[in-house]
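The next block is run_3.cif, given as mmCIF, C-alpha atoms and all ligand atoms.
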```
data_model
loop_
_atom_site.label_atom_id
_atom_site.label_comp_id
_atom_site.auth_asym_id
_atom_site.auth_seq_id
_atom_site.Cartn_x
_atom_site.Cartn_y
_atom_site.Cartn_z
CA MET A 1 107.39 -68.33 167.99
CA ASN A 2 103.96 -68.50 169.52
CA ILE A 3 102.94 -64.88 169.90
CA LEU A 4 100.14 -63.36 171.94
CA VAL A 5 98.92 -60.26 170.10
CA THR A 6 96.60 -58.15 172.25
CA GLY A 7 94.45 -55.73 170.25
CA GLY A 8 95.17 -57.86 167.19
CA ALA A 9 91.77 -57.14 165.62
CA GLY A 10 92.61 -53.42 165.54
CA TYR A 11 94.27 -51.33 162.87
CA ILE A 12 97.99 -51.87 163.56
CA GLY A 13 97.54 -55.22 165.34
CA SER A 14 95.76 -56.84 162.38
CA HIS A 15 98.48 -55.79 159.93
CA THR A 16 101.12 -57.02 162.36
CA ALA A 17 99.33 -60.36 162.78
CA ILE A 18 99.59 -60.80 159.00
CA ALA A 19 103.29 -59.91 158.99
CA LEU A 20 103.92 -62.38 161.84
CA LEU A 21 102.03 -65.19 160.10
CA GLU A 22 103.91 -64.46 156.88
CA ALA A 23 107.16 -64.73 158.87
CA LYS A 24 105.98 -68.21 159.99
CA HIS A 25 105.10 -67.35 163.58
CA SER A 26 101.86 -68.52 165.24
CA VAL A 27 99.43 -65.90 166.45
CA ILE A 28 96.96 -65.83 169.32
CA ILE A 29 94.81 -62.70 169.31
CA ALA A 30 93.11 -61.34 172.43
CA ASP A 31 90.79 -58.42 171.76
CA ASN A 32 87.56 -57.23 173.38
CA LEU A 33 86.44 -55.69 170.04
CA CYS A 34 85.72 -52.32 171.68
CA ASN A 35 87.18 -50.65 168.59
CA SER A 36 87.21 -53.45 166.03
CA SER A 37 85.22 -56.41 164.78
CA SER A 38 85.62 -60.17 164.63
CA GLY A 39 85.32 -60.02 160.82
CA THR A 40 88.92 -58.82 160.79
CA ILE A 41 90.10 -62.16 162.19
CA ARG A 42 88.54 -63.95 159.21
CA LYS A 43 90.18 -61.44 156.87
CA ILE A 44 93.61 -62.03 158.43
CA GLU A 45 93.06 -65.76 157.86
CA SER A 46 91.89 -65.30 154.29
CA ILE A 47 94.82 -63.01 153.38
CA THR A 48 97.44 -65.35 154.87
CA GLY A 49 95.75 -68.73 154.39
CA LYS A 50 96.65 -69.48 158.04
CA LYS A 51 94.65 -70.06 161.22
CA VAL A 52 94.56 -67.56 164.04
CA THR A 53 93.53 -68.47 167.59
CA PHE A 54 91.13 -65.74 168.72
CA TYR A 55 89.80 -64.86 172.17
CA GLU A 56 87.20 -62.15 172.58
CA MET A 57 88.33 -60.94 175.98
CA ASP A 58 89.26 -57.90 177.98
CA VAL A 59 92.92 -57.88 178.94
CA THR A 60 92.18 -55.71 181.97
CA VAL A 61 90.59 -58.81 183.55
CA GLU A 62 93.47 -60.56 185.29
CA GLU A 63 91.83 -64.01 185.54
CA ALA A 64 91.11 -64.01 181.81
CA VAL A 65 94.72 -63.11 181.00
CA GLU A 66 96.01 -65.78 183.38
CA SER A 67 93.85 -68.46 181.81
CA LEU A 68 95.37 -67.57 178.41
CA PHE A 69 98.89 -68.00 179.78
CA LYS A 70 97.87 -71.32 181.37
CA THR A 71 96.29 -72.65 178.18
CA HIS A 72 98.99 -71.66 175.69
CA SER A 73 102.73 -71.90 175.63
CA ILE A 74 103.49 -68.28 174.79
CA ASP A 75 106.95 -67.14 173.62
CA ALA A 76 106.29 -63.43 173.29
CA VAL A 77 103.64 -60.76 173.82
CA ILE A 78 102.97 -57.82 171.53
CA HIS A 79 100.69 -55.47 173.42
CA PHE A 80 98.59 -53.25 171.14
CA ALA A 81 95.34 -53.30 173.11
CA GLY A 82 94.55 -49.83 174.35
CA LEU A 83 92.45 -46.76 173.95
CA LYS A 84 94.08 -44.23 171.65
CA SER A 85 92.09 -41.05 171.19
CA VAL A 86 93.90 -38.02 172.61
CA GLY A 87 90.75 -35.88 172.79
CA GLU A 88 88.66 -38.60 174.44
CA SER A 89 91.43 -39.17 176.99
CA VAL A 90 91.09 -35.56 178.13
CA GLU A 91 87.32 -36.02 178.60
CA LYS A 92 87.51 -39.49 180.18
CA PRO A 93 90.93 -39.77 181.82
CA LEU A 94 89.94 -42.62 184.14
CA ASN A 95 88.94 -44.84 181.23
CA TYR A 96 92.33 -44.28 179.68
CA TYR A 97 94.38 -44.75 182.83
CA SER A 98 92.51 -47.89 183.84
CA ASN A 99 92.36 -49.55 180.42
CA ASN A 100 95.90 -48.76 179.27
CA MET A 101 97.65 -49.22 182.60
CA ILE A 102 95.81 -52.27 183.96
CA SER A 103 96.13 -54.17 180.69
CA THR A 104 99.90 -53.60 180.68
CA LEU A 105 100.26 -54.51 184.36
CA ASN A 106 98.25 -57.73 183.93
CA LEU A 107 100.27 -58.87 180.94
CA ALA A 108 103.62 -58.02 182.52
CA LYS A 109 102.63 -59.83 185.72
CA MET A 110 101.65 -62.98 183.81
CA CYS A 111 104.84 -62.83 181.74
CA LEU A 112 106.87 -62.95 184.95
CA LYS A 113 104.69 -65.66 186.50
CA TYR A 114 104.76 -67.93 183.42
CA GLY A 115 108.34 -67.22 182.30
CA VAL A 116 107.50 -65.33 179.08
CA ASN A 117 110.56 -63.19 178.47
CA ARG A 118 109.77 -61.17 175.38
CA PHE A 119 107.47 -58.15 175.52
CA VAL A 120 106.87 -55.64 172.73
CA PHE A 121 104.94 -52.51 173.64
CA SER A 122 103.06 -50.07 171.37
CA SER A 123 104.34 -46.68 172.36
CA SER A 124 104.03 -43.43 170.49
CA ALA A 125 105.91 -40.38 169.27
CA THR A 126 103.63 -38.48 171.61
CA VAL A 127 106.10 -39.31 174.44
CA TYR A 128 108.56 -36.79 172.91
CA GLY A 129 106.11 -33.91 173.38
CA ASP A 130 107.36 -30.76 171.66
CA ASN A 131 111.07 -31.71 171.56
CA ILE A 132 113.42 -30.57 168.80
CA VAL A 133 113.14 -32.62 165.59
CA PRO A 134 114.21 -35.15 164.56
CA PHE A 135 113.12 -37.02 167.67
CA GLU A 136 115.83 -39.38 168.95
CA GLU A 137 115.28 -42.28 171.32
CA SER A 138 117.81 -40.84 173.80
CA MET A 139 115.84 -37.61 174.33
CA ASN A 140 114.33 -36.85 177.71
CA LEU A 141 110.61 -37.47 177.63
CA LEU A 142 108.56 -34.34 178.20
CA PRO A 143 105.41 -34.36 180.32
CA ALA A 144 102.58 -35.41 178.04
CA THR A 145 99.88 -32.85 177.38
CA ASN A 146 97.06 -35.40 177.72
CA PRO A 147 96.19 -38.58 179.67
CA TYR A 148 96.68 -40.82 176.62
CA GLY A 149 100.30 -39.67 176.30
CA GLU A 150 100.80 -40.09 180.04
CA THR A 151 99.69 -43.72 179.84
CA LYS A 152 102.34 -44.37 177.17
CA VAL A 153 105.09 -42.74 179.24
CA MET A 154 103.97 -44.58 182.39
CA CYS A 155 103.79 -47.98 180.68
CA GLU A 156 107.27 -47.44 179.21
CA ARG A 157 108.58 -46.70 182.73
CA ILE A 158 106.86 -49.71 184.30
CA LEU A 159 108.24 -52.10 181.68
CA THR A 160 111.70 -50.55 181.99
CA ASP A 161 111.73 -50.98 185.78
CA LEU A 162 110.54 -54.54 185.40
CA ALA A 163 113.32 -55.41 182.95
CA HIS A 164 115.89 -53.87 185.27
CA ALA A 165 114.62 -55.97 188.15
CA ASN A 166 114.39 -59.16 186.02
CA PRO A 167 117.41 -59.40 183.74
CA ALA A 168 115.93 -62.25 181.66
CA PHE A 169 112.90 -60.10 180.73
CA SER A 170 113.43 -58.37 177.36
CA VAL A 171 111.38 -55.34 176.45
CA SER A 172 111.00 -53.58 173.12
CA LEU A 173 109.41 -50.13 173.30
CA LEU A 174 108.30 -49.13 169.82
CA ARG A 175 107.48 -45.46 169.32
CA TYR A 176 105.21 -45.17 166.32
CA PHE A 177 105.00 -42.02 164.27
CA ASN A 178 101.87 -41.60 162.09
CA PRO A 179 100.67 -44.89 160.60
CA ILE A 180 98.41 -44.52 157.57
CA GLY A 181 97.46 -46.65 154.56
CA ALA A 182 96.09 -50.15 154.52
CA HIS A 183 96.92 -53.70 153.47
CA GLU A 184 97.33 -53.93 149.69
CA SER A 185 94.48 -56.47 149.51
CA GLY A 186 92.11 -53.61 150.40
CA LEU A 187 90.52 -55.90 152.99
CA ILE A 188 91.79 -54.38 156.23
CA GLY A 189 92.54 -50.80 157.20
CA GLU A 190 91.60 -48.06 159.62
CA VAL A 191 87.93 -47.41 160.42
CA PRO A 192 87.59 -44.59 162.94
CA ASN A 193 84.55 -44.06 165.13
CA GLY A 194 82.61 -40.94 164.14
CA VAL A 195 84.42 -37.97 162.61
CA PRO A 196 88.07 -39.01 162.29
CA ASN A 197 90.71 -37.38 164.50
CA ASN A 198 93.48 -38.46 162.16
CA LEU A 199 94.19 -36.85 158.83
CA MET A 200 94.17 -39.77 156.37
CA PRO A 201 90.79 -41.26 157.33
CA TYR A 202 89.41 -37.72 157.22
CA ILE A 203 90.78 -37.27 153.68
CA THR A 204 89.41 -40.61 152.46
CA GLN A 205 85.97 -39.89 153.94
CA VAL A 206 85.85 -36.48 152.25
CA ALA A 207 87.00 -38.04 148.96
CA LYS A 208 84.22 -40.62 149.30
CA GLY A 209 81.64 -37.88 149.95
CA LYS A 210 80.85 -38.98 153.52
CA LEU A 211 82.12 -35.64 154.82
CA ALA A 212 81.80 -32.36 152.94
CA LYS A 213 85.22 -30.81 153.50
CA LEU A 214 88.50 -31.52 155.18
CA ARG A 215 89.24 -29.16 158.07
CA VAL A 216 92.90 -28.14 158.13
CA PHE A 217 93.77 -27.10 161.68
CA GLY A 218 95.99 -24.06 161.29
CA ASN A 219 98.15 -22.71 158.45
CA ASP A 220 100.29 -20.43 160.59
CA TYR A 221 102.82 -22.96 161.90
CA PRO A 222 106.52 -22.33 161.25
CA THR A 223 106.61 -24.76 158.29
CA ALA A 224 107.00 -24.12 154.54
CA ASP A 225 103.23 -23.96 153.85
CA GLY A 226 102.17 -23.17 157.42
CA THR A 227 100.47 -26.52 158.07
CA GLY A 228 101.66 -29.15 160.57
CA LEU A 229 104.36 -31.61 159.52
CA ARG A 230 104.16 -35.32 160.43
CA ASP A 231 106.15 -38.47 159.77
CA TYR A 232 103.63 -40.72 157.98
CA ILE A 233 104.52 -44.39 157.81
CA HIS A 234 102.72 -47.10 155.84
CA VAL A 235 100.99 -49.43 158.32
CA VAL A 236 102.49 -52.48 156.58
CA ASP A 237 106.01 -51.07 157.09
CA LEU A 238 105.10 -50.50 160.71
CA ALA A 239 103.86 -54.09 160.99
CA GLU A 240 107.13 -55.37 159.51
CA GLY A 241 108.98 -53.25 162.08
CA HIS A 242 107.36 -55.36 164.81
CA VAL A 243 108.62 -58.58 163.29
CA ALA A 244 112.13 -57.11 163.10
CA ALA A 245 111.93 -55.86 166.70
CA LEU A 246 110.71 -59.22 167.99
CA GLU A 247 113.23 -61.30 166.06
CA ASN A 248 116.13 -59.08 167.18
CA LEU A 249 115.01 -58.72 170.78
CA ILE A 250 117.80 -59.40 173.26
CA GLU A 251 117.89 -58.99 177.04
CA GLY A 252 117.30 -55.50 178.40
CA VAL A 253 115.14 -52.58 177.33
CA HIS A 254 115.33 -51.36 173.75
CA THR A 255 113.57 -48.31 172.40
CA HIS A 256 113.09 -47.71 168.69
CA ASN A 257 111.38 -45.10 166.58
CA LEU A 258 109.26 -46.55 163.80
CA GLY A 259 108.83 -43.83 161.21
CA THR A 260 110.32 -42.86 157.85
CA GLY A 261 112.38 -39.90 159.00
CA ASN A 262 110.55 -37.58 156.57
CA GLY A 263 108.08 -34.84 157.41
CA THR A 264 105.03 -34.25 155.19
CA SER A 265 102.72 -31.29 155.72
CA VAL A 266 98.93 -31.52 155.77
CA LEU A 267 98.65 -29.80 152.40
CA GLU A 268 101.42 -31.95 150.91
CA LEU A 269 99.50 -35.06 151.99
CA VAL A 270 96.26 -33.72 150.49
CA ASN A 271 98.06 -32.99 147.20
CA ALA A 272 99.75 -36.40 147.19
CA PHE A 273 96.37 -38.09 147.76
CA GLU A 274 94.75 -36.11 144.93
CA GLU A 275 97.57 -36.99 142.54
CA ALA A 276 97.81 -40.67 143.51
CA ASN A 277 94.06 -41.26 143.20
CA ARG A 278 92.99 -38.56 140.72
CA ILE A 279 90.32 -37.33 143.05
CA HIS A 280 89.63 -33.88 144.47
CA VAL A 281 89.62 -33.27 148.23
CA PRO A 282 87.97 -29.96 149.15
CA TYR A 283 89.32 -28.37 152.33
CA GLU A 284 89.03 -25.31 154.50
CA VAL A 285 91.56 -23.87 156.90
CA VAL A 286 90.29 -23.44 160.46
CA GLY A 287 92.05 -22.50 163.71
CA ARG A 288 94.79 -24.55 165.34
CA ARG A 289 93.68 -27.58 167.36
CA PRO A 290 94.72 -27.44 171.02
CA GLY A 291 97.57 -29.85 171.81
CA ASP A 292 98.87 -30.13 168.22
CA ILE A 293 102.57 -29.45 167.73
CA ALA A 294 104.05 -27.91 164.57
CA VAL A 295 106.53 -30.54 163.51
CA CYS A 296 107.08 -34.20 164.38
CA TYR A 297 109.41 -36.60 162.62
CA ALA A 298 111.75 -39.37 163.64
CA ASP A 299 115.42 -40.07 163.61
CA VAL A 300 115.21 -43.61 162.26
CA SER A 301 118.90 -44.50 162.28
CA LYS A 302 118.75 -46.61 165.47
CA ALA A 303 116.07 -48.94 164.08
CA ALA A 304 118.05 -49.32 160.85
CA ARG A 305 121.26 -50.03 162.72
CA GLU A 306 119.93 -52.35 165.42
CA LEU A 307 116.94 -54.02 163.77
CA GLY A 308 118.01 -53.93 160.14
CA TRP A 309 114.60 -52.41 159.44
CA LYS A 310 113.65 -49.42 157.32
CA ALA A 311 110.30 -48.27 155.94
CA LYS A 312 110.08 -49.14 152.23
CA ARG A 313 106.77 -47.65 151.11
CA ASN A 314 106.35 -44.00 150.06
CA ILE A 315 103.59 -41.42 150.42
CA ASN A 316 102.14 -42.40 147.07
CA ASP A 317 101.77 -46.05 148.24
CA MET A 318 100.16 -44.87 151.49
CA CYS A 319 97.62 -42.68 149.64
CA ARG A 320 96.77 -45.36 147.08
CA ASP A 321 96.31 -48.12 149.66
CA ALA A 322 94.26 -45.94 152.05
CA TRP A 323 91.91 -45.05 149.20
CA ARG A 324 91.58 -48.65 147.98
CA PHE A 325 90.47 -49.66 151.47
CA GLU A 326 87.99 -46.78 151.75
CA VAL A 327 86.46 -47.61 148.37
CA HIS A 328 86.01 -51.30 149.16
CA ASN A 329 85.35 -51.27 152.88
CA GLY A 330 84.57 -47.79 153.97
CA THR A 331 81.24 -48.68 155.53
CA GLY A 332 80.85 -50.53 158.78
CA LYS A 333 83.52 -51.53 161.23
CA THR A 334 86.01 -53.79 159.51
CA THR A 335 88.99 -53.43 161.80
N1 LIG B 401 97.15 -45.47 165.31
C1 LIG B 401 98.08 -44.61 165.71
O1 LIG B 401 98.23 -43.53 165.13
C2 LIG B 401 98.97 -44.95 166.88
C3 LIG B 401 100.13 -44.18 167.10
C4 LIG B 401 100.94 -44.47 168.19
C5 LIG B 401 100.62 -45.52 169.04
N2 LIG B 401 99.49 -46.25 168.82
C6 LIG B 401 99.17 -47.35 169.74
O2 LIG B 401 99.13 -48.56 169.03
C7 LIG B 401 98.16 -49.45 169.59
C8 LIG B 401 97.22 -49.91 168.50
O3 LIG B 401 96.62 -48.78 167.90
P1 LIG B 401 95.58 -48.92 166.71
O4 LIG B 401 95.67 -47.69 165.89
O5 LIG B 401 95.70 -50.23 166.05
O6 LIG B 401 94.23 -48.86 167.54
P2 LIG B 401 92.88 -49.72 167.40
O7 LIG B 401 91.87 -49.08 168.26
O8 LIG B 401 92.55 -49.95 165.97
O9 LIG B 401 93.33 -51.11 168.04
C9 LIG B 401 93.36 -51.35 169.42
C10 LIG B 401 92.64 -52.66 169.66
O10 LIG B 401 92.67 -52.95 171.06
C11 LIG B 401 91.40 -53.43 171.46
N3 LIG B 401 91.29 -53.16 172.90
C12 LIG B 401 91.28 -51.95 173.55
N4 LIG B 401 91.21 -52.14 174.87
C13 LIG B 401 91.18 -53.49 175.09
C14 LIG B 401 91.13 -54.30 176.24
N5 LIG B 401 91.06 -53.77 177.46
N6 LIG B 401 91.13 -55.65 176.08
C15 LIG B 401 91.20 -56.21 174.86
N7 LIG B 401 91.26 -55.48 173.72
C16 LIG B 401 91.25 -54.14 173.84
C17 LIG B 401 90.40 -52.70 170.57
O11 LIG B 401 89.19 -53.40 170.41
C18 LIG B 401 91.16 -52.62 169.25
O12 LIG B 401 90.90 -53.75 168.43
C19 LIG B 401 97.47 -48.66 170.71
O13 LIG B 401 98.07 -49.00 171.93
C20 LIG B 401 97.78 -47.22 170.36
O14 LIG B 401 97.81 -46.39 171.49
C21 LIG B 401 98.67 -45.99 167.75
#
```

Produce structure tokens that represent the structure in this file.
Ligand SMILES: NC(=O)c1ccc[n+]([C@@H]2O[C@H](COP(=O)([O-])OP(=O)(O)OC[C@H]3O[C@@H](n4cnc5c(N)ncnc54)[C@H](O)[C@@H]3O)[C@@H](O)[C@H]2O)c1
Amino acid sequence: MNILVTGGAGYIGSHTAIALLEAKHSVIIADNLCNSSSGTIRKIESITGKKVTFYEMDVTVEEAVESLFKTHSIDAVIHFAGLKSVGESVEKPLNYYSNNMISTLNLAKMCLKYGVNRFVFSSSATVYGDNIVPFEESMNLLPATNPYGETKVMCERILTDLAHANPAFSVSLLRYFNPIGAHESGLIGEVPNGVPNNLMPYITQVAKGKLAKLRVFGNDYPTADGTGLRDYIHVVDLAEGHVAALENLIEGVHTHNLGTGNGTSVLELVNAFEEANRIHVPYEVVGRRPGDIAVCYADVSKAARELGWKAKRNINDMCRDAWRFEVHNGTGKTT
């Protein structure tokens, strides 16, 4: 298939582009590089030995999106492009609503206009809010506690309504848990802006000496060691989940959790990182961070049953690969 990957220069999109190319699909990437760099496109090509068609463009600009659909015969869209920082979305809600909603509306509109019937959307476990674990796809979505989460819920609803109104239009809503790690080549991975919001890049930057200490937000949660529990998934497993979702996409709307089904606490992840890489990560416990929930992990049985997909890599692989990327590429913006 000829696949339009929006946000394909970013963290998850670049790993997915590799998985798609390895599965013999063709990839067109559209990315405005607001949180990535064009060097990643060259890295995708050097890892796979295949060409990628790249457009530096903003997918909130309707004419630009339309010209892409006119120029290429597109079989499917995987829509990663979006802003993703929960904290920033609280400070700048309009940026989040306009970027994340308008991009999705533009792409969906062009899919209908040009007869592109396969759409895969990057959603998030954040749509479950503080439900009871494990999170199942059939659960009612709770109101999100931040604008970022709202954009994910709203985009899911728009795409669902569209598929109901247009029976030929197939939609895959993929709810990611916590992607970490990097490609085993060490060439691409996650490079956050400023002090990381997410745990693994924070750990790798402390290990590298860029930051003095890891801040652990709260050790009084109702978990075994008191720190928050998350379902970490290797980004390459997540990427492979997209290939499975796309290749098994049939008419209608299909929602799948992409996680491992296991919860790992903050301190367990720190210990696993220290053991995997034989490096010390100093930390201090500080107060809880507003908006964080205690426990979040997936029921992954639906993805296994319907997509024949299951995460294969373990916490040790995630820690080793994240560190390899930090050591080789930890300076500058490489995704
Ligand atoms: N990383 C996570 O933990 C996580 C979890 C759940 C869901 N998601 C979702 O997955 C998607 C990808 O996340 P990521 O971690 O790879 O983020 P990322 O920031 O690394 O990648 C997003 C890419 O989209 C591009 N982009 C943003 N707005 C654009 C626009 N208007 N036009 C063109 N390009 C644009 C950015 O330049 C970037 O390359 C996002 O939609 C995010 O909300 C991420």

### Task
Find the residue from A:Ser38, A:Thr160, A:Asn271, A:Ser138 that sits nearest to ligand LIG 401 (chain B); use all atoms listed in the file when measuring.
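Residue with the minimum atom-to-atom distance to ligand LIG 401 (chain B): A:Ser38.
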
Counting all atoms listed in the file, which residues in range 3-87 of chain A sit no more than 8 Å from range 102-106 of chain A? For each one, give the nearest pair of atoms and the distance in Å, sorted by chain then residue number, as a Markdown table.
```
| residue | atom | partner | partner_atom | distance |
| --- | --- | --- | --- | --- |
| A:Val59 | CA | A:Ser103 | CA | 5.2 |
| A:Thr60 | CA | A:Ser103 | CA | 4.4 |
| A:Val61 | CA | A:Asn106 | CA | 7.7 |
| A:Glu62 | CA | A:Asn106 | CA | 5.7 |
| A:Val65 | CA | A:Asn106 | CA | 7.1 |
| A:His79 | CA | A:Thr104 | CA | 7.5 |
| A:Ala81 | CA | A:Ser103 | CA | 7.7 |
| A:Gly82 | CA | A:Ser103 | CA | 7.8 |
```

### Task
Around ligand LIG 401 (chain B), at most 7 Å away and counting only C-alpha atoms and all ligand atoms, which residues are there? Put them as an MDAnalysis selection string, please.
chainID A and resid 6:13 30:36 57:60 80:84 99 103 122:125 175:179 190 335

### Message
Env of range 112-115 of chain A: 8 Å cut, atoms = all atoms listed in the file, seq-sep filter 4 positions within chain, self excluded. Answer as an NGL selection string.
### Response
:A and (69-70 or 108 or 169)

## Note on the structure
Pairwise distance, CA of Glu268 in chain A with CA of Val286 in chain A, equals 17.0 Å

### Nearest to Asn314 in chain A, chosen from A:Tyr202, A:Tyr128, A:Phe119, A:Phe273, with all atoms listed in the file counted in the distances
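Nearest candidate to Asn314 in chain A out of A:Tyr202, A:Tyr128, A:Phe119, A:Phe273: A:Phe273.
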
### Query
What does the distance from CA of Tyr55 in chain A to CA of Ser172 in chain A come to in Å, to one decimal?
24.0 Å

### Task
Enter the distance from CA of Gly39 in chain A to CA of Glu88 in chain A, in Å, rounded to one decimal.
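Value for the CA of Gly39 in chain A-CA of Glu88 in chain A distance: 25.6 Å.
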
### Message
Within 7 Å of (90.5, -23.9, 161.1) in the file's own coordinates, which protein, DNA or RNA residues have an atom, counting all atoms listed in the file? List them as a list in words.
### Response
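Those residues, ordered by chain and then number, are Arg215, Val216, Phe217, Gly218, Glu284, Val285, Val286, Gly287 and Arg288 of chain A.
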
### Message
Using all atoms listed in the file for the distances, tell me which of A:Gly308, A:Pro134, A:Gly181, A:Pro196 is nearest to Val86 in chain A.
### Response
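Going through A:Gly308, A:Pro134, A:Gly181, A:Pro196 one by one, the smallest distance to Val86 in chain A is for A:Pro196.
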
### Message
Could you list, as a list in words, every residue within 12 Å of Ala144 in chain A, counting all atoms listed in the file and ignoring same-chain residues fewer than 6 positions away?
### Response
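Near neighbours after the sequence-gap exclusion: Val86, Ser89, Val90, Ser124, Ala125, Thr126, Val127, Tyr128, Gly129, Asp130, Asn131, Glu150, Thr151, Lys152, Val153, Met154, Gly291, Asp292 and Ile293 of chain A.
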